[in-house]
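Structure record follows, encoded as structure tokens.
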Number of protein chains: 2
Amino acid sequence: VTRYKLLVEYDGAGFVGWQRQTNGPSVQQALEDAIAGFSGEFVRVYGAGRTDAGVHAAGQVAHFDLEKATDGKTVANALNAHLRPLAVAVLGAEAVGDDFHARTSARQRHYLYRMVNRRAAPALARGRAWHVQVELDADLMHQAAQVLVGRHDFTSFRASLCQAASPVKTLTELSVARHGEEILVTARARSFLHHQVRNMVGTLKLVGEGKWSSDDLAAALAARDRAKGGPTAPAHGLCLMDVGYESIP
Amino acid sequence: VTRYKLLVEYDGAGFVGWQRQTNGPSVQQALEDAIAGFSGEFVRVYGAGRTDAGVHAAGQVAHFDLEKATDGKTVANALNAHLRPLAVAVLGAEAVGDDFHARTSARQRHYLYRMVNRRAAPALARGRAWHVQVELDADLMHQAAQVLVGRHDFTSFRASLCQAASPVKTLTELSVARHGEEILVTARARSFLHHQVRNMVGTLKLVGEGKWSSDDLAAALAARDRAKGGPTAPAHGLCLMDVGYESIP
């Protein structure tokens, strides 16, 4: 048995999310079906980030165990051949030790949230960015975001369905920058709570339009109450960019 | 009568191109229909670049004349309301003098051609980039591209159906740069021949894979014969980024 690590890109639009569900196609199932199609083996694929329905990935990481004797390059090409009709691409595959686990070995997750901030609806970024018509002050958003950086109880930004054992997480980066009509929010942490990035972005939007101050954001964080946090930003603006692991010495 | 200048973004996928055709929906028709829906006036819209079927635009410029008394902001909002189901967005509209012509007043056109250079098909850039599997040397492509910069007879890179009076054009920039797995080609000129950018990109790909040298490219240019140029790169990798005009003093 060999464990393979996969680097995966997908457009979240056509999926119910990363995780297998009974109500529609998932990325996990697409990969498991492709592995079965190539090897005849019915395996479980584990992902680093269980992205929600509609969330995209440029660098999701996953792993699975295969009995068949083969190699990474063959695995990647065979999976892509089976995935071809779907908006899922395996960018790379490599054999790793059996102590590697895509989710629990991950040391850093990097998400990008994209907004188009203008009157006109996006034509080119349609389905890839949140369309916000009211003018946002990205500098104010960035300043306020620094309130959230560090080790905190993020209950105010946690989905009610979140299954994490603890609401305490260490946010290593939350930066906001304007690029013309786009506003990009970068979030990095070892791990995130369910909906945490989307809830932080939805709240930062309130700061950007002048409805909330940095102090309001700090008070919401301190309240440890989801009802005190802002709304959840839509899924289609979010993309899992990459997942970091400790380099094997 | 007031002349309005429009800044327009569109996803070329659903269109037969900029120009009205009998065989399907065009961007020109979408804008003319939206103007009629808003004002009751049936006008002709003139575009700076007559983009082919499948070619995208982030900054197409167009103009039209309207009898109705209104203003640029109202025009943009009304057109976007009528365009909403389509992947066309009016980013801005402003009243201009009646000597302004989107096509003939243009002083510079800037196109971006995007390639995804890797084994796996693009999932996120699907329909927005040319998927090239063979590894390309972007530095060699950039060096060779400089052969084409300047004032030349571009017959070797001109579509047989091109209606331009002269095949002589001045290419002010043709640069190639790799960004990870993407290769971006930037082309700037006062104007281009029909298919010129796509034909130059298709030929530069031959250089990138080592089939052609810079000298081969120079010989193709000197031949003034379309049969000596390389193949036409696909439309969906191309995007009209912006159009420059002389600033009104």
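Chain identifiers are assigned as A, B, and so on, following the order in which chains appear in the structure tokens; residues are numbered from 1 within each chain, and ligands are numbered from 1 in order of appearance.
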
task = Compute the set of chain B residues within 9 Å of chain A, using only C-alpha atoms, and express it as number ranges by chain.
result = B: 9-11, 56-58, 76-77, 80, 84, 86-92, 118-124, 126

Those of range 109-173 of chain B in DSSP alpha helix (DSSP H), formatted as a short mmCIF file (atom, residue, chain, number, x, y, z; two decimals) with C-alpha atoms, in the first residue's frame:
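After the write, part25.cif holds the following:
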```cif
data_model
loop_
_atom_site.label_atom_id
_atom_site.label_comp_id
_atom_site.auth_asym_id
_atom_site.auth_seq_id
_atom_site.Cartn_x
_atom_site.Cartn_y
_atom_site.Cartn_z
CA ALA B 138 8.80 31.88 -21.89
CA ASP B 139 12.22 33.60 -22.01
CA LEU B 140 12.90 32.28 -25.53
CA MET B 141 9.40 33.36 -26.55
CA HIS B 142 9.98 36.86 -25.19
CA GLN B 143 13.33 37.23 -26.97
CA ALA B 144 11.89 36.06 -30.28
CA ALA B 145 8.84 38.31 -29.88
#
```

inquiry  = Env of Pro167 in chain B: 10 Å cut, atoms = only C-alpha atoms, seq-sep filter 4 positions within chain, self excluded. Answer as a PyMOL selection string.
reply    = chain B and resi 152-158+162-163+192-194+224

Suppose we keep all heavy atoms; can you now write the selection as a short mmCIF file (atom, residue, chain, number, x, y, z; two decimals), in the first residue's frame?
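What ended up in result.cif:
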```cif
data_model
loop_
_atom_site.label_atom_id
_atom_site.label_comp_id
_atom_site.auth_asym_id
_atom_site.auth_seq_id
_atom_site.Cartn_x
_atom_site.Cartn_y
_atom_site.Cartn_z
N HIS B 152 6.10 46.99 -39.34
CA HIS B 152 6.35 45.90 -40.28
C HIS B 152 5.11 45.64 -41.13
O HIS B 152 3.99 46.00 -40.75
CB HIS B 152 6.67 44.60 -39.53
CG HIS B 152 7.85 44.67 -38.62
ND1 HIS B 152 9.14 44.77 -39.08
CD2 HIS B 152 7.92 44.66 -37.26
CE1 HIS B 152 9.96 44.80 -38.05
NE2 HIS B 152 9.26 44.75 -36.93
N ASP B 153 5.34 44.93 -42.22
CA ASP B 153 4.25 44.36 -43.02
C ASP B 153 3.92 43.01 -42.35
O ASP B 153 4.73 42.09 -42.37
CB ASP B 153 4.73 44.17 -44.46
CG ASP B 153 3.66 43.54 -45.34
OD1 ASP B 153 2.85 42.73 -44.83
OD2 ASP B 153 3.64 43.84 -46.54
N PHE B 154 2.72 42.92 -41.73
CA PHE B 154 2.36 41.74 -40.95
C PHE B 154 1.49 40.74 -41.74
O PHE B 154 0.73 39.99 -41.14
CB PHE B 154 1.65 42.15 -39.65
CG PHE B 154 2.58 42.66 -38.57
CD1 PHE B 154 2.75 44.02 -38.37
CD2 PHE B 154 3.29 41.77 -37.77
CE1 PHE B 154 3.61 44.50 -37.38
CE2 PHE B 154 4.14 42.24 -36.77
CZ PHE B 154 4.30 43.61 -36.57
N THR B 155 1.66 40.73 -43.08
CA THR B 155 0.87 39.82 -43.92
C THR B 155 0.96 38.36 -43.43
O THR B 155 -0.03 37.63 -43.47
CB THR B 155 1.35 39.91 -45.38
OG1 THR B 155 1.13 41.25 -45.83
CG2 THR B 155 0.59 38.94 -46.28
N SER B 156 2.10 37.95 -42.93
CA SER B 156 2.29 36.56 -42.48
C SER B 156 1.46 36.23 -41.24
O SER B 156 1.33 35.06 -40.88
CB SER B 156 3.77 36.30 -42.17
OG SER B 156 4.54 36.51 -43.34
N PHE B 157 0.93 37.29 -40.56
CA PHE B 157 0.16 37.07 -39.33
C PHE B 157 -1.25 37.65 -39.47
O PHE B 157 -1.89 38.00 -38.48
CB PHE B 157 0.89 37.70 -38.15
CG PHE B 157 2.28 37.16 -37.98
CD1 PHE B 157 3.38 37.80 -38.54
CD2 PHE B 157 2.47 35.96 -37.31
CE1 PHE B 157 4.65 37.27 -38.42
CE2 PHE B 157 3.75 35.42 -37.18
CZ PHE B 157 4.84 36.07 -37.75
N ARG B 158 -1.72 37.75 -40.72
CA ARG B 158 -2.98 38.40 -41.02
C ARG B 158 -3.97 37.38 -41.56
O ARG B 158 -3.66 36.62 -42.48
CB ARG B 158 -2.71 39.45 -42.10
CG ARG B 158 -3.90 40.17 -42.62
CD ARG B 158 -3.49 40.98 -43.85
NE ARG B 158 -4.51 41.98 -44.11
CZ ARG B 158 -4.47 42.86 -45.09
NH1 ARG B 158 -3.45 42.87 -45.93
NH2 ARG B 158 -5.44 43.72 -45.26
N CYS B 162 -9.08 39.42 -43.58
CA CYS B 162 -8.83 40.76 -43.03
C CYS B 162 -9.15 41.84 -44.05
O CYS B 162 -8.74 41.75 -45.20
CB CYS B 162 -7.37 40.87 -42.60
SG CYS B 162 -6.93 42.46 -41.90
N GLN B 163 -9.89 42.86 -43.58
CA GLN B 163 -10.34 43.91 -44.49
C GLN B 163 -9.50 45.19 -44.39
O GLN B 163 -9.83 46.20 -45.02
CB GLN B 163 -11.81 44.25 -44.21
CG GLN B 163 -12.74 43.11 -44.60
CD GLN B 163 -14.15 43.31 -44.04
OE1 GLN B 163 -14.45 44.34 -43.45
NE2 GLN B 163 -15.01 42.33 -44.24
N PHE B 192 -4.47 46.60 -34.81
CA PHE B 192 -4.01 45.26 -35.20
C PHE B 192 -4.78 44.79 -36.42
O PHE B 192 -5.93 45.20 -36.64
CB PHE B 192 -4.25 44.26 -34.06
CG PHE B 192 -3.38 44.46 -32.85
CD1 PHE B 192 -3.83 45.22 -31.77
CD2 PHE B 192 -2.12 43.89 -32.78
CE1 PHE B 192 -3.04 45.41 -30.65
CE2 PHE B 192 -1.32 44.07 -31.65
CZ PHE B 192 -1.78 44.84 -30.59
N LEU B 193 -4.16 43.91 -37.20
CA LEU B 193 -4.86 43.23 -38.29
C LEU B 193 -5.76 42.14 -37.71
O LEU B 193 -5.59 41.74 -36.55
CB LEU B 193 -3.83 42.60 -39.24
CG LEU B 193 -2.87 43.59 -39.92
CD1 LEU B 193 -1.71 42.84 -40.57
CD2 LEU B 193 -3.62 44.44 -40.95
N HIS B 194 -6.67 41.65 -38.52
CA HIS B 194 -7.58 40.60 -38.07
C HIS B 194 -6.78 39.34 -37.73
O HIS B 194 -5.96 38.89 -38.52
CB HIS B 194 -8.61 40.31 -39.19
CG HIS B 194 -9.73 39.43 -38.76
ND1 HIS B 194 -10.45 38.66 -39.63
CD2 HIS B 194 -10.26 39.21 -37.52
CE1 HIS B 194 -11.38 37.99 -38.96
NE2 HIS B 194 -11.29 38.30 -37.69
N ARG B 224 6.12 37.77 -45.83
CA ARG B 224 4.84 38.41 -46.15
C ARG B 224 3.87 37.44 -46.80
O ARG B 224 3.28 37.73 -47.85
CB ARG B 224 5.07 39.61 -47.08
CG ARG B 224 5.97 40.66 -46.47
CD ARG B 224 6.19 41.82 -47.40
NE ARG B 224 7.36 42.58 -46.99
CZ ARG B 224 7.81 43.65 -47.63
NH1 ARG B 224 7.18 44.07 -48.73
NH2 ARG B 224 8.86 44.29 -47.20
#
```

Pick from B:Ser39, B:Gln146, B:Ser166, B:Ser105 nearest to Glu67 in chain B, counting only C-alpha atoms = B:Ser39

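Shortest separation to Glu135 in chain A among A:Met115, A:Met241, A:Ala218, A:Met200 occurs at residue A:Met115, atoms counted being only C-alpha atoms.
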
request  = Within 8 Å of Gly229 in chain A, counting only C-alpha atoms, which residues show up once you throw out same-chain ones fewer than 5 positions away? Write them as a ChimeraX atom specification, please.
outcome  = /A:156-157,199,203,217,220-221

request  = Give me the residues within 6 Å of Gly202 in chain A as an NGL selection string, counting only C-alpha atoms and dropping any in the same chain fewer than 3 places off.
outcome  = :A and (199 or 205 or 230-233)

Store the residues picked out above in a file with N, CA and C atoms, as a PDB file, in the first residue's frame.
```
ATOM      1  N   ASN A 199     -17.422  34.506   7.536  1.00  0.00           N
ATOM      2  CA  ASN A 199     -18.037  35.352   8.566  1.00  0.00           C
ATOM      3  C   ASN A 199     -17.166  36.570   8.872  1.00  0.00           C
ATOM      4  N   LYS A 205     -16.923  43.740   5.697  1.00  0.00           N
ATOM      5  CA  LYS A 205     -17.686  44.557   4.742  1.00  0.00           C
ATOM      6  C   LYS A 205     -18.441  45.665   5.486  1.00  0.00           C
ATOM      7  N   GLY A 230     -20.931  39.633  12.232  1.00  0.00           N
ATOM      8  CA  GLY A 230     -21.640  40.093  11.031  1.00  0.00           C
ATOM      9  C   GLY A 230     -22.135  38.923  10.191  1.00  0.00           C
ATOM     10  N   PRO A 231     -22.754  39.235   9.056  1.00  0.00           N
ATOM     11  CA  PRO A 231     -23.301  38.186   8.190  1.00  0.00           C
ATOM     12  C   PRO A 231     -22.209  37.381   7.485  1.00  0.00           C
ATOM     13  N   THR A 232     -22.614  36.256   6.930  1.00  0.00           N
ATOM     14  CA  THR A 232     -21.712  35.350   6.215  1.00  0.00           C
ATOM     15  C   THR A 232     -21.587  35.795   4.756  1.00  0.00           C
ATOM     16  N   ALA A 233     -20.361  36.046   4.312  1.00  0.00           N
ATOM     17  CA  ALA A 233     -20.142  36.417   2.902  1.00  0.00           C
ATOM     18  C   ALA A 233     -20.423  35.198   2.021  1.00  0.00           C
TER      19      ALA A 233
END
```

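Using only C-alpha atoms, the shortest contact distance between Asp242 in chain A and any of A:Val149, A:Val207, A:Ala165, A:Leu6 is found at A:Leu6.
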
task = Name the residues of range 7-242 of chain A that fall into strand (DSSP E) according to DSSP on the backbone, using the chain letters and numbers of this document, as a PyMOL selection string.
result = chain A and resi 7-10+46-47+56-66+88-96+106-117+130-132+150-153+168-179+182-189+238-242

request  = Would you mind telling me which residue in A:Gln19, A:Thr70, A:Gln60, A:Gly49 lies nearest to Val1 in chain A when using only C-alpha atoms?
outcome  = A:Thr70

ask   = Of the residues B:Val96, B:Val27, B:Val201, B:Leu184, which is the one nearest to Thr51 in chain B, using only C-alpha atoms?
value = B:Val27

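Residue nearest Ala159 in chain B, chosen from B:Thr172, B:Thr186, B:Gln196, B:Gln133 and counting only C-alpha atoms: B:Gln196.
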
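Shell of Asp98 in chain B at 9 Å, with only C-alpha atoms counted and residues fewer than 5 places along the chain excluded, is B:Thr2, B:Arg3, B:Tyr4, B:Asp65.
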
Would you save the residues from that selection as a tab-separated table (two decimals), in the first residue's frame, using N, CA and C atoms?
```tsv
chain	number	residue	atom	x	y	z
B	2	THR	N	-26.76	63.50	-27.94
B	2	THR	CA	-25.52	63.43	-27.18
B	2	THR	C	-24.81	62.11	-27.49
B	3	ARG	N	-23.49	62.20	-27.66
B	3	ARG	CA	-22.69	60.99	-27.88
B	3	ARG	C	-22.19	60.47	-26.53
B	4	TYR	N	-22.35	59.17	-26.30
B	4	TYR	CA	-21.86	58.55	-25.07
B	4	TYR	C	-20.75	57.56	-25.38
B	65	ASP	N	-24.97	57.45	-30.23
B	65	ASP	CA	-25.63	58.75	-30.10
B	65	ASP	C	-27.06	58.56	-29.60
```
